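As provided, structure15.cif (mmCIF, C-alpha atoms) reads as follows.
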data_my_file
#
loop_
_atom_site.label_atom_id
_atom_site.label_comp_id
_atom_site.auth_asym_id
_atom_site.auth_seq_id
_atom_site.Cartn_x
_atom_site.Cartn_y
_atom_site.Cartn_z
CA MET A 1100 -14.48 -0.63 -18.85
CA LYS A 1101 -11.75 -0.03 -21.43
CA LEU A 1102 -8.50 1.29 -19.95
CA ALA A 1103 -5.40 2.59 -21.72
CA VAL A 1104 -2.02 3.18 -20.09
CA LEU A 1105 0.15 6.18 -20.94
CA GLY A 1106 3.55 6.18 -19.31
CA GLY A 1107 6.36 8.71 -19.31
CA SER A 1108 8.54 10.91 -17.16
CA PHE A 1109 6.01 13.80 -17.38
CA ASN A 1110 8.89 16.14 -16.66
CA PRO A 1111 6.85 18.30 -16.95
CA VAL A 1112 3.46 17.14 -18.17
CA HIS A 1113 2.36 19.32 -21.10
CA ILE A 1114 -0.50 19.88 -23.53
CA GLY A 1115 0.87 17.25 -25.91
CA HIS A 1116 0.43 14.54 -23.26
CA LEU A 1117 -3.12 15.66 -22.54
CA TYR A 1118 -3.98 15.93 -26.23
CA LEU A 1119 -2.74 12.39 -26.85
CA ALA A 1120 -4.79 11.03 -23.94
CA ASP A 1121 -7.84 12.92 -25.18
CA THR A 1122 -7.31 11.54 -28.69
CA VAL A 1123 -7.30 7.95 -27.44
CA LEU A 1124 -10.40 8.59 -25.33
CA SER A 1125 -12.27 10.31 -28.16
CA MET A 1126 -11.16 8.46 -31.28
CA MET A 1127 -10.74 4.97 -29.88
CA LYS A 1128 -13.58 5.08 -27.33
CA TYR A 1129 -11.56 4.15 -24.28
CA ASP A 1130 -13.17 5.01 -20.96
CA LYS A 1131 -10.07 6.08 -19.05
CA VAL A 1132 -6.39 6.72 -19.59
CA ILE A 1133 -4.13 5.75 -16.69
CA MET A 1134 -1.14 8.09 -16.61
CA VAL A 1135 1.89 6.40 -15.03
CA PRO A 1136 4.88 8.64 -14.24
CA ALA A 1137 8.18 6.75 -14.27
CA PHE A 1138 10.53 6.74 -11.31
CA ARG A 1139 13.38 6.29 -13.77
CA SER A 1140 12.90 5.44 -17.43
CA PRO A 1141 15.16 2.84 -19.09
CA PHE A 1142 15.22 5.14 -22.15
CA LYS A 1143 16.41 8.32 -20.43
CA GLN A 1144 19.68 8.74 -18.58
CA GLU A 1145 19.28 12.40 -17.59
CA MET A 1146 18.27 13.44 -14.10
CA VAL A 1147 14.54 13.86 -13.64
CA THR A 1148 12.69 16.22 -11.36
CA ALA A 1149 11.66 14.86 -7.95
CA ALA A 1150 8.79 12.38 -8.12
CA ASN A 1151 6.55 14.43 -5.83
CA ASP A 1152 6.92 17.52 -8.02
CA ARG A 1153 6.06 15.55 -11.16
CA LEU A 1154 3.10 13.88 -9.44
CA GLU A 1155 1.73 17.21 -8.24
CA MET A 1156 2.12 18.78 -11.67
CA LEU A 1157 0.27 15.82 -13.17
CA ALA A 1158 -2.47 16.14 -10.56
CA ALA A 1159 -2.84 19.85 -11.31
CA ALA A 1160 -2.93 19.18 -15.07
CA ILE A 1161 -5.87 16.76 -14.94
CA ALA A 1162 -7.89 18.36 -12.15
CA GLY A 1163 -11.62 17.74 -12.57
CA ASP A 1164 -11.25 15.29 -15.48
CA SER A 1165 -12.60 11.93 -14.30
CA ARG A 1166 -11.43 10.24 -17.52
CA LEU A 1167 -7.78 10.58 -16.50
CA VAL A 1168 -6.23 8.62 -13.64
CA ILE A 1169 -2.83 9.00 -11.98
CA ASP A 1170 -1.12 5.79 -10.92
CA ASP A 1171 2.17 6.09 -9.02
CA CYS A 1172 3.04 2.37 -9.04
CA GLU A 1173 6.39 2.91 -10.78
CA ILE A 1174 7.38 5.59 -8.30
CA GLN A 1175 6.38 3.31 -5.44
CA ARG A 1176 8.52 0.51 -6.89
CA GLU A 1177 11.50 2.86 -7.47
CA GLY A 1178 14.41 1.81 -9.64
CA VAL A 1179 14.19 1.49 -13.43
CA SER A 1180 10.59 1.18 -14.63
CA TYR A 1181 9.78 -1.60 -17.08
CA THR A 1182 6.48 -1.47 -18.95
CA VAL A 1183 5.72 -5.18 -18.60
CA ASP A 1184 5.86 -4.90 -14.79
CA THR A 1185 3.58 -1.89 -14.82
CA LEU A 1186 1.00 -3.54 -17.07
CA GLN A 1187 0.90 -6.65 -14.90
CA ASP A 1188 0.55 -4.47 -11.80
CA VAL A 1189 -2.30 -2.45 -13.34
CA ILE A 1190 -4.10 -5.59 -14.54
CA MET A 1191 -3.97 -7.08 -11.04
CA ARG A 1192 -5.00 -4.00 -9.06
CA TYR A 1193 -7.74 -2.84 -11.42
CA GLY A 1194 -9.28 -6.30 -11.62
CA ILE A 1195 -8.77 -6.64 -15.39
CA ASP A 1196 -9.06 -9.93 -17.24
CA PRO A 1197 -6.71 -9.50 -20.25
CA GLN A 1198 -8.18 -12.63 -21.85
CA LYS A 1199 -11.51 -10.85 -22.26
CA LYS A 1200 -11.47 -8.68 -25.36
CA THR A 1201 -13.77 -6.10 -23.75
CA GLU A 1202 -11.44 -5.70 -20.75
CA ARG A 1203 -8.04 -5.98 -22.42
CA PRO A 1204 -6.00 -2.86 -21.60
CA ALA A 1205 -4.06 -0.85 -24.15
CA LEU A 1206 -0.55 0.56 -24.02
CA ILE A 1207 0.01 3.92 -25.74
CA ILE A 1208 3.46 4.62 -27.20
CA GLY A 1209 4.77 7.08 -29.77
CA ASP A 1210 6.07 6.11 -33.19
CA ASP A 1211 9.45 7.45 -32.06
CA LEU A 1212 9.70 4.43 -29.75
CA ALA A 1213 7.77 1.87 -31.78
CA GLY A 1214 10.72 0.76 -33.89
CA GLU A 1215 12.58 -0.30 -30.75
CA PHE A 1216 9.59 -2.05 -29.19
CA PRO A 1217 10.76 -5.62 -30.00
CA GLU A 1218 13.86 -4.90 -27.90
CA TRP A 1219 11.84 -3.92 -24.82
CA ARG A 1220 11.96 -6.25 -21.85
CA ASP A 1221 9.41 -9.06 -22.36
CA SER A 1222 7.90 -7.31 -25.38
CA GLN A 1223 6.12 -10.52 -26.37
CA LYS A 1224 4.53 -10.72 -22.93
CA ILE A 1225 3.32 -7.14 -23.34
CA LEU A 1226 1.57 -8.12 -26.59
CA GLU A 1227 -0.04 -11.09 -24.82
CA ILE A 1228 -1.62 -9.00 -22.07
CA ALA A 1229 -2.29 -5.65 -23.77
CA ASP A 1230 -3.18 -4.07 -27.09
CA LEU A 1231 -0.59 -1.69 -28.51
CA ILE A 1232 -1.61 1.79 -29.68
CA ILE A 1233 1.02 3.67 -31.65
CA ALA A 1234 0.53 7.42 -31.81
CA CYS A 1235 2.04 9.75 -34.38
CA ARG A 1236 4.81 11.93 -32.96
CA THR A 1237 7.41 12.20 -35.70
CA GLY A 1238 5.23 12.87 -38.74
CA SER A 1239 6.83 10.01 -40.67
CA GLY A 1240 3.44 8.47 -41.41
CA LYS A 1241 2.13 4.96 -40.92
CA VAL A 1242 4.77 2.22 -40.74
CA ASP A 1243 4.09 -1.48 -41.11
CA TYR A 1244 5.58 -2.64 -37.81
CA PRO A 1245 6.12 -6.43 -37.54
CA PHE A 1246 3.91 -6.90 -34.47
CA PRO A 1247 0.19 -6.42 -33.69
CA HIS A 1248 -0.73 -2.79 -33.15
CA THR A 1249 -3.22 -0.03 -33.92
CA PHE A 1250 -1.84 3.16 -35.44
CA ILE A 1251 -3.69 6.42 -34.82
CA ASP A 1252 -3.07 9.17 -37.34
CA ASN A 1253 -3.39 11.91 -34.74
CA GLU A 1254 -2.48 15.55 -35.16
CA ILE A 1255 1.04 16.20 -33.92
CA ILE A 1256 1.43 18.70 -31.11
CA ASN A 1257 5.01 19.80 -31.62
CA VAL A 1258 6.07 20.11 -28.01
CA SER A 1259 8.27 18.04 -25.72
CA SER A 1260 9.14 18.10 -22.04
CA ARG A 1261 12.82 18.51 -22.90
CA ALA A 1262 12.13 21.57 -25.07
CA ILE A 1263 10.00 23.10 -22.31
CA ARG A 1264 12.76 22.55 -19.75
CA HIS A 1265 15.29 24.19 -22.05
CA ARG A 1266 12.98 27.17 -22.68
CA ILE A 1267 12.50 27.63 -18.93
CA ALA A 1268 16.20 27.31 -18.14
CA GLU A 1269 17.27 29.73 -20.87
CA GLY A 1270 14.54 32.23 -20.04
CA LYS A 1271 14.33 33.48 -23.63
CA MET A 1272 11.49 31.53 -25.26
CA PRO A 1273 7.83 31.46 -24.13
CA TRP A 1274 6.76 28.25 -22.42
CA ARG A 1275 3.77 29.00 -20.18
CA SER A 1276 1.16 28.30 -22.86
CA LEU A 1277 2.61 24.81 -23.40
CA VAL A 1278 1.56 23.54 -19.97
CA PRO A 1279 -1.76 23.71 -18.08
CA ALA A 1280 -2.22 26.68 -15.75
CA GLY A 1281 -1.83 24.60 -12.60
CA VAL A 1282 1.45 23.17 -13.87
CA LYS A 1283 2.73 26.64 -14.70
CA ALA A 1284 1.96 27.77 -11.15
CA ILE A 1285 3.87 24.86 -9.60
CA ILE A 1286 6.90 25.41 -11.85
CA GLU A 1287 6.98 29.11 -10.96
CA ASP A 1288 6.27 28.67 -7.24
CA ARG A 1289 8.99 26.03 -6.83
CA GLN A 1290 11.33 27.50 -9.44
CA LEU A 1291 11.65 24.16 -11.17
CA TYR A 1292 14.01 23.83 -14.13
CA CYS A 1293 15.78 27.01 -12.90
CA CYS A 1294 12.65 29.08 -13.45
CA ASN A 1295 12.98 32.77 -12.57
CA ASN A 1296 9.40 33.73 -11.86
CA SER A 1297 8.95 37.36 -12.83
CA SER A 1298 5.27 37.14 -13.62
CA ALA A 1299 2.60 37.98 -11.13
CA LYS A 1300 0.63 35.09 -9.71
CA ALA A 1301 -3.02 34.94 -10.62
CA GLU A 1302 -5.17 36.16 -7.79
CA GLN A 1303 -8.00 34.01 -6.56
CA ASN A 1304 -11.30 35.62 -5.86
CA PRO A 1305 -12.37 34.45 -2.38
CA SER A 1306 -15.91 35.72 -2.91
CA ASP A 1307 -16.62 33.25 -5.74
CA LYS A 1308 -19.86 31.43 -4.98
CA ALA A 1309 -20.96 28.04 -6.26
CA GLY A 1310 -24.22 28.50 -8.09
CA LYS A 1311 -26.52 26.24 -10.02
CA GLY A 1312 -25.80 24.41 -13.24
CA LYS A 1313 -23.06 22.14 -14.47
CA ASP A 1314 -20.61 24.98 -15.20
CA CYS A 1315 -20.83 26.22 -11.62
CA ILE A 1316 -20.46 22.69 -10.24
CA ARG A 1317 -17.39 22.20 -12.43
CA GLN A 1318 -15.85 25.47 -11.22
CA THR A 1319 -16.55 24.50 -7.62
CA ILE A 1320 -14.97 21.08 -8.13
CA LEU A 1321 -11.83 22.71 -9.53
CA ARG A 1322 -11.59 25.05 -6.54
CA ILE A 1323 -12.05 22.20 -4.07
CA GLU A 1324 -9.58 19.98 -5.91
CA THR A 1325 -7.00 22.75 -5.80
CA GLU A 1326 -7.62 23.16 -2.06
CA ALA A 1327 -7.22 19.41 -1.53
CA ARG A 1328 -4.03 19.23 -3.59
CA GLU A 1329 -2.46 22.16 -1.78
CA SER A 1330 -3.52 21.29 1.79
CA LEU A 1331 -3.33 17.49 1.96
CA SER A 1332 -0.27 15.30 1.80
CA LEU A 1333 0.41 14.01 -1.69
CA GLU A 1334 -0.54 10.45 -0.69
CA ARG A 1335 -3.81 11.64 0.85
CA PHE A 1336 -4.59 13.79 -2.18
CA LEU A 1337 -4.05 10.89 -4.58
CA HIS A 1338 -6.36 8.79 -2.42
CA SER A 1339 -8.98 11.56 -2.56
CA ARG A 1340 -8.74 11.82 -6.32
CA ASN A 1341 -8.93 8.06 -6.76
CA THR A 1342 -12.03 8.10 -4.55
CA ALA A 1343 -13.54 10.89 -6.66
CA VAL A 1344 -12.90 9.07 -9.94
CA LEU A 1345 -14.35 5.82 -8.61
CA ALA A 1346 -17.33 7.63 -7.09
CA TYR A 1347 -18.01 9.25 -10.48
CA ASP A 1348 -18.03 5.80 -12.11
CA PHE A 1349 -20.25 4.30 -9.41
CA CYS A 1350 -22.71 7.19 -9.75
CA CYS A 1351 -22.94 6.58 -13.49
CA ARG A 1352 -23.69 2.92 -12.79
CA PHE A 1353 -26.25 3.52 -10.07
CA GLY A 1354 -28.14 6.45 -11.59
CA ILE A 1355 -26.77 9.24 -9.37
CA ASP A 1356 -25.46 12.60 -10.58
CA PRO A 1357 -21.77 11.77 -11.26
CA GLU A 1358 -20.62 15.38 -10.83
CA LEU A 1359 -21.87 15.29 -7.25
CA GLY A 1360 -20.08 11.97 -6.75
CA TYR A 1361 -16.79 13.47 -7.93
CA LEU A 1362 -17.32 16.57 -5.77
CA ALA A 1363 -18.01 14.56 -2.61
CA GLY A 1364 -15.12 12.20 -3.37
CA ILE A 1365 -12.50 14.89 -3.88
CA ALA A 1366 -13.68 16.72 -0.74
CA HIS A 1367 -14.22 13.83 1.66
CA ASP A 1368 -10.83 14.06 3.40
CA LEU A 1369 -10.42 17.84 3.55
CA GLY A 1370 -10.70 17.59 7.34
CA LYS A 1371 -7.57 15.43 7.49
CA GLN A 1372 -5.34 18.51 7.34
CA LEU A 1373 -6.87 20.14 10.43
CA ASP A 1374 -5.22 20.29 13.84
CA TYR A 1375 -7.07 18.95 16.90
CA LYS A 1376 -8.50 22.29 17.97
CA ASN A 1377 -9.96 23.24 14.59
CA LEU A 1378 -11.12 19.68 13.90
CA LEU A 1379 -13.13 19.61 17.12
CA LYS A 1380 -14.45 23.14 16.63
CA LEU A 1381 -15.74 22.45 13.12
CA ALA A 1382 -17.20 19.06 13.99
CA LYS A 1383 -19.10 20.48 16.97
CA SER A 1384 -20.53 23.26 14.83
CA ASP A 1385 -22.64 20.79 12.82
CA GLY A 1386 -24.98 20.52 15.83
CA ASN A 1387 -24.52 16.81 16.44
CA ALA A 1388 -23.18 15.26 19.63
CA ILE A 1389 -19.60 14.03 19.95
CA SER A 1390 -19.50 10.39 21.05
CA ALA A 1391 -17.09 9.01 23.65
CA LEU A 1392 -15.22 7.16 20.89
CA GLU A 1393 -14.90 10.38 18.87
CA GLU A 1394 -13.65 12.22 21.96
CA ASP A 1395 -11.04 9.50 22.38
CA LYS A 1396 -10.17 9.36 18.67
CA PRO A 1397 -10.90 12.80 17.18
CA GLY A 1398 -9.57 11.73 13.79
CA LEU A 1399 -12.94 10.04 13.32
CA LEU A 1400 -14.45 13.54 13.13
CA HIS A 1401 -12.60 14.55 9.95
CA GLY A 1402 -15.60 13.77 7.74
CA ARG A 1403 -17.95 15.94 9.79
CA ALA A 1404 -15.36 18.73 9.81
CA ALA A 1405 -14.94 18.47 6.02
CA ALA A 1406 -18.71 18.78 5.53
CA VAL A 1407 -18.72 21.99 7.56
CA LEU A 1408 -15.79 23.31 5.52
CA LEU A 1409 -17.70 22.60 2.31
CA LYS A 1410 -20.68 24.53 3.59
CA GLU A 1411 -18.83 27.49 5.06
CA ARG A 1412 -15.89 27.94 2.67
CA PHE A 1413 -17.31 26.68 -0.62
CA CYS A 1414 -21.03 27.41 -0.13
CA ILE A 1415 -22.03 23.78 -0.75
CA HIS A 1416 -25.59 23.27 0.52
CA ASN A 1417 -26.51 20.06 -1.27
CA LYS A 1418 -27.68 17.79 1.55
CA ASP A 1419 -26.64 14.60 -0.22
CA VAL A 1420 -23.07 15.83 -0.73
CA LEU A 1421 -22.76 17.08 2.86
CA GLU A 1422 -24.12 13.80 4.23
CA ALA A 1423 -21.80 11.72 2.01
CA VAL A 1424 -18.73 13.61 3.22
CA ALA A 1425 -19.81 13.69 6.87
CA VAL A 1426 -20.48 9.95 7.27
CA HIS A 1427 -17.89 8.45 4.93
CA THR A 1428 -15.81 7.02 7.79
CA SER A 1429 -18.46 5.36 9.95
CA GLY A 1430 -21.43 5.11 7.63
CA SER A 1431 -24.97 5.71 8.84
CA ALA A 1432 -28.01 3.49 9.13
CA ASP A 1433 -30.09 6.04 7.24
CA MET A 1434 -27.59 7.25 4.65
CA GLY A 1435 -28.73 7.94 1.11
CA PRO A 1436 -27.41 6.57 -2.20
CA LEU A 1437 -24.63 9.16 -2.66
CA ALA A 1438 -23.36 8.58 0.88
CA LYS A 1439 -23.27 4.83 0.18
CA VAL A 1440 -21.24 5.45 -2.97
CA ILE A 1441 -18.65 7.59 -1.15
CA TYR A 1442 -18.39 5.11 1.72
CA ILE A 1443 -17.67 2.31 -0.76
CA ALA A 1444 -15.33 4.31 -3.00
CA ASP A 1445 -13.27 5.47 -0.01
CA LYS A 1446 -12.72 1.86 1.08
CA VAL A 1447 -12.00 0.22 -2.29
CA GLU A 1448 -10.32 2.80 -4.56
CA VAL A 1449 -7.44 1.36 -6.50
CA SER A 1450 -4.64 2.11 -4.01
CA ARG A 1451 -6.48 0.09 -1.35
CA ASN A 1452 -5.34 -3.50 -0.88
CA ILE A 1453 -8.43 -5.62 -1.53
CA ASP A 1454 -8.72 -9.16 -2.83
CA SER A 1455 -9.57 -10.03 -6.42
CA ALA A 1456 -13.10 -11.24 -5.55
CA GLN A 1457 -13.92 -7.92 -3.89
CA ARG A 1458 -12.44 -5.98 -6.83
CA LYS A 1459 -14.46 -8.06 -9.27
CA MET A 1460 -17.64 -7.32 -7.32
CA CYS A 1461 -16.82 -3.61 -7.30
CA ASN A 1462 -16.38 -3.72 -11.08
CA GLU A 1463 -19.55 -5.66 -11.82
CA GLU A 1464 -22.18 -5.47 -9.05
CA GLU A 1465 -25.35 -3.69 -10.20
CA ASP A 1466 -27.05 -3.55 -6.76
CA LEU A 1467 -25.74 -0.69 -4.64
CA ASP A 1468 -26.90 -2.17 -1.32
CA LYS A 1469 -25.31 -5.55 -2.06
CA LEU A 1470 -22.03 -3.82 -2.83
CA LEU A 1471 -22.29 -1.72 0.33
CA TYR A 1472 -22.99 -4.81 2.45
CA SER A 1473 -19.96 -6.61 1.03
CA VAL A 1474 -17.60 -3.66 1.58
CA LEU A 1475 -19.05 -2.97 5.04
CA ASN A 1476 -18.57 -6.60 6.10
CA ARG A 1477 -14.96 -6.54 4.93
CA THR A 1478 -14.26 -3.23 6.70
CA VAL A 1479 -15.82 -4.34 9.99
CA SER A 1480 -13.98 -7.68 9.92
CA LYS A 1481 -10.67 -5.90 9.30
CA LEU A 1482 -11.23 -3.50 12.21
CA GLN A 1483 -12.32 -6.31 14.53
CA SER A 1484 -9.24 -8.34 13.63
CA ARG A 1485 -7.15 -5.43 14.90
CA ASP A 1486 -9.24 -5.18 18.12
CA LEU A 1487 -10.38 -1.67 17.19
CA GLU A 1488 -13.58 -0.28 18.64
CA LEU A 1489 -16.38 0.31 16.14
CA CYS A 1490 -18.62 3.37 15.95
CA ASP A 1491 -22.23 2.86 17.04
CA GLU A 1492 -23.37 4.12 13.63
CA THR A 1493 -21.26 1.49 11.90
CA MET A 1494 -22.84 -1.27 13.98
CA ARG A 1495 -26.34 0.08 13.37
CA LEU A 1496 -25.67 0.16 9.64
CA LEU A 1497 -24.31 -3.39 9.72
CA GLU A 1498 -27.36 -4.70 11.58
CA LYS A 1499 -29.66 -2.96 9.11
CA MET A 1500 -27.83 -4.38 6.13
CA LYS A 1501 -27.80 -7.87 7.66
CA GLY A 1502 -31.56 -7.64 8.05
CA LYS A 1503 -31.98 -6.74 4.38
CA HIS A 1504 -29.75 -9.56 3.14
CA ARG A 1505 -30.91 -12.48 5.27
#
Could you show the structure in this file as structure tokens?
Amino acid sequence: MKLAVLGGSFNPVHIGHLYLADTVLSMMKYDKVIMVPAFRSPFKQEMVTAANDRLEMLAAAIAGDSRLVIDDCEIQREGVSYTVDTLQDVIMRYGIDPQKKTERPALIIGDDLAGEFPEWRDSQKILEIADLIIACRTGSGKVDYPFPHTFIDNEIINVSSRAIRHRIAEGKMPWRSLVPAGVKAIIEDRQLYCCNNSSAKAEQNPSDKAGKGKDCIRQTILRIETEARESLSLERFLHSRNTAVLAYDFCCRFGIDPELGYLAGIAHDLGKQLDYKNLLKLAKSDGNAISALEEDKPGLLHGRAAAVLLKERFCIHNKDVLEAVAVHTSGSADMGPLAKVIYIADKVEVSRNIDSAQRKMCNEEEDLDKLLYSVLNRTVSKLQSRDLELCDETMRLLEKMKGKHR
């Protein structure tokens, strides 16, 4: 898989950022662009908006697009963000071998920064581990820079985060069309950049029903992703989106409808936001018994509760999706291919701490059951090492998988 990294303050993210990412994906045939918001850029001295606000705007901007990934590694590190550290971090966590031409990541920068690139920290190291893509931002045309790079003669979208902030603060120039709708809503709701929200908020139609066809699935995914972003903690939402993106990729590999993989992935933790009373009520309504372990640890019921929410609130009746969401915590001896994908993706998405061998297997294994067995073994061993009790369904699944792989 070919990955490109696009960093920046994203303060706020705007259509120019998205257009540039789309250009790299479309013109240069990369599979995904990893968008990395800076905690503090070495190039900018001005105050930036709170990290959580910028992350949530970025999440809203790319909702439903499995080609775009948010990585908050620089925010987690805090301090000044240096590109070489980020690239090394991404290479390690995504299981990339930069020595392989087909896996070598790319770094996207604008021609407004390219002239200063040799002065960046460890710029030579950056060129050793990543390809450099220089995008047109100034309109000055192609320049023969004295280091390896690829120049893309992209159309210039004449917009910047600084200009948008100034327009919002001054309240005189239009700005709402320069950012995605979800970003506009966050800026107005939170009055970021001294925004005085005088426009009416768009009303949601609660009677919208998910129908058949890809367009309806896409609309349903967007509604569910908005619900997840607004109801879950930011950390939990980013985990859910990482799970959705990975599930989409796994489904493509294993011949399963990827849209359903993304839908189940983004929805799998919706039950995490419920209090004890509602969690138990929803879980019981699926008609299945509550085990003694689930009574003792009701958090284990969040998958079952989320499946009921999908059915009742979003009119999702696809049995594979409902099963995948319901059993993603414990697994099930009889679960289908989509449920296996969500179980795996939940355990190994990129924010999870797994070893390089496991990551390599996740990137390359072509047998879904072999991958499930490996991830299941690791999960069970980890729980046992902490003296945690295992669900009966988990043990039944493990015994079944052991029997298949003897």
Applied to this file, what does the PyMOL selection byres ((chain A and resi 1357) around 12) return in terms of residues, put as a PDB file with C-alpha atoms, keeping the file's coordinate frame?
ATOM      1  CA  GLY A1163     -11.620  17.740 -12.570  1.00  0.00           C
ATOM      2  CA  ASP A1164     -11.250  15.290 -15.480  1.00  0.00           C
ATOM      3  CA  SER A1165     -12.600  11.930 -14.300  1.00  0.00           C
ATOM      4  CA  LYS A1313     -23.060  22.140 -14.470  1.00  0.00           C
ATOM      5  CA  ILE A1316     -20.460  22.690 -10.240  1.00  0.00           C
ATOM      6  CA  ARG A1317     -17.390  22.200 -12.430  1.00  0.00           C
ATOM      7  CA  ILE A1320     -14.970  21.080  -8.130  1.00  0.00           C
ATOM      8  CA  ALA A1343     -13.540  10.890  -6.660  1.00  0.00           C
ATOM      9  CA  VAL A1344     -12.900   9.070  -9.940  1.00  0.00           C
ATOM     10  CA  LEU A1345     -14.350   5.820  -8.610  1.00  0.00           C
ATOM     11  CA  ALA A1346     -17.330   7.630  -7.090  1.00  0.00           C
ATOM     12  CA  TYR A1347     -18.010   9.250 -10.480  1.00  0.00           C
ATOM     13  CA  ASP A1348     -18.030   5.800 -12.110  1.00  0.00           C
ATOM     14  CA  PHE A1349     -20.250   4.300  -9.410  1.00  0.00           C
ATOM     15  CA  CYS A1350     -22.710   7.190  -9.750  1.00  0.00           C
ATOM     16  CA  CYS A1351     -22.940   6.580 -13.490  1.00  0.00           C
ATOM     17  CA  ARG A1352     -23.690   2.920 -12.790  1.00  0.00           C
ATOM     18  CA  PHE A1353     -26.250   3.520 -10.070  1.00  0.00           C
ATOM     19  CA  GLY A1354     -28.140   6.450 -11.590  1.00  0.00           C
ATOM     20  CA  ILE A1355     -26.770   9.240  -9.370  1.00  0.00           C
ATOM     21  CA  ASP A1356     -25.460  12.600 -10.580  1.00  0.00           C
ATOM     22  CA  GLU A1358     -20.620  15.380 -10.830  1.00  0.00           C
ATOM     23  CA  LEU A1359     -21.870  15.290  -7.250  1.00  0.00           C
ATOM     24  CA  GLY A1360     -20.080  11.970  -6.750  1.00  0.00           C
ATOM     25  CA  TYR A1361     -16.790  13.470  -7.930  1.00  0.00           C
ATOM     26  CA  LEU A1362     -17.320  16.570  -5.770  1.00  0.00           C
ATOM     27  CA  ALA A1363     -18.010  14.560  -2.610  1.00  0.00           C
ATOM     28  CA  GLY A1364     -15.120  12.200  -3.370  1.00  0.00           C
ATOM     29  CA  VAL A1420     -23.070  15.830  -0.730  1.00  0.00           C
ATOM     30  CA  PRO A1436     -27.410   6.570  -2.200  1.00  0.00           C
ATOM     31  CA  LEU A1437     -24.630   9.160  -2.660  1.00  0.00           C
ATOM     32  CA  VAL A1440     -21.240   5.450  -2.970  1.00  0.00           C
ATOM     33  CA  ILE A1441     -18.650   7.590  -1.150  1.00  0.00           C
TER      34      ILE A1441
END
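When CA of Ser1455 (chain A) is paired with CA of His1367 (chain A), their separation reads 25.6 Å.
The residue that comes closest to Tyr1442 (chain A), out of A:Glu1464, A:Asp1486, A:Glu1393, A:Glu1422 and on the basis of only C-alpha atoms, is A:Glu1422.
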Closest of A:Lys1283, A:Glu1448, A:Ile1174, A:Ala1234 to Met1126 (chain A) - atom-to-atom distances counting all atoms listed in the file: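 Under the stated criterion, the closest residue is A:Ala1234.
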Residues near Thr1182 (chain A), cut-off 10 Å, all atoms listed in the file, skip fewer than 5 positions along chain, as a list in words: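 Residues near the query, excluding close chain neighbours: Val1104, Gly1106, Val1135, Ala1137, Ser1140, Pro1141, Glu1173, Gln1187, Asp1188, Leu1206, Trp1219, Arg1220, Asp1221, Ser1222 and Ile1225 of chain A.
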Got time to write the residues from that selection, C-alpha atoms, as a tab-separated table (two decimals), in the frame of the given file?
chain	number	residue	atom	x	y	z
A	1104	VAL	CA	-2.02	3.18	-20.09
A	1106	GLY	CA	3.55	6.18	-19.31
A	1135	VAL	CA	1.89	6.40	-15.03
A	1137	ALA	CA	8.18	6.75	-14.27
A	1140	SER	CA	12.90	5.44	-17.43
A	1141	PRO	CA	15.16	2.84	-19.09
A	1173	GLU	CA	6.39	2.91	-10.78
A	1187	GLN	CA	0.90	-6.65	-14.90
A	1188	ASP	CA	0.55	-4.47	-11.80
A	1206	LEU	CA	-0.55	0.56	-24.02
A	1219	TRP	CA	11.84	-3.92	-24.82
A	1220	ARG	CA	11.96	-6.25	-21.85
A	1221	ASP	CA	9.41	-9.06	-22.36
A	1222	SER	CA	7.90	-7.31	-25.38
A	1225	ILE	CA	3.32	-7.14	-23.34
Residue nearest Asn1341 (chain A) - candidates A:Ser1450, A:Ser1259, A:Asn1377, A:Asn1253, atoms counted: all atoms listed in the file: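 Smallest distance to Asn1341 (chain A) is found for A:Ser1450.
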Name all residues at most 12 Å from Gly1270 (chain A) (count all atoms listed in the file; drop same-chain ones fewer than 5 positions away) and give them as a compact mmCIF listing (two decimals) with C-alpha atoms, in the coordinates of the input.
# COMPACT_ATOMS: atom_id res chain seq x y z
CA ILE A 1263 10.00 23.10 -22.31
CA ARG A 1264 12.76 22.55 -19.75
CA HIS A 1265 15.29 24.19 -22.05
CA ARG A 1275 3.77 29.00 -20.18
CA TYR A 1292 14.01 23.83 -14.13
CA CYS A 1293 15.78 27.01 -12.90
CA CYS A 1294 12.65 29.08 -13.45
CA ASN A 1295 12.98 32.77 -12.57
CA ASN A 1296 9.40 33.73 -11.86
CA SER A 1297 8.95 37.36 -12.83
So that I can check the surroundings of Met1100 (chain A), please list as a short mmCIF file (atom, residue, chain, number, x, y, z; two decimals) with C-alpha atoms, in the coordinates of the input every protein, DNA and RNA residue that reaches within 10 Å of it, counting all atoms listed in the file and ignoring chain neighbours fewer than 5 positions away.
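Output (selection_39.cif):
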data_model
loop_
_atom_site.label_atom_id
_atom_site.label_comp_id
_atom_site.auth_asym_id
_atom_site.auth_seq_id
_atom_site.Cartn_x
_atom_site.Cartn_y
_atom_site.Cartn_z
CA TYR A 1129 -11.56 4.15 -24.28
CA ASP A 1130 -13.17 5.01 -20.96
CA LYS A 1131 -10.07 6.08 -19.05
CA ILE A 1195 -8.77 -6.64 -15.39
CA THR A 1201 -13.77 -6.10 -23.75
CA GLU A 1202 -11.44 -5.70 -20.75
CA ARG A 1203 -8.04 -5.98 -22.42
CA PRO A 1204 -6.00 -2.86 -21.60
CA ASP A 1348 -18.03 5.80 -12.11
CA ASN A 1462 -16.38 -3.72 -11.08
#
Spatial neighbours of Leu1400 (chain A), max dist 10 Å, all atoms listed in the file, sep filter under 6 positions, as a ChimeraX atom specification: /A:1370-1371,1375,1378-1379,1381-1383,1389-1390,1393-1394,1425-1426,1428-1429
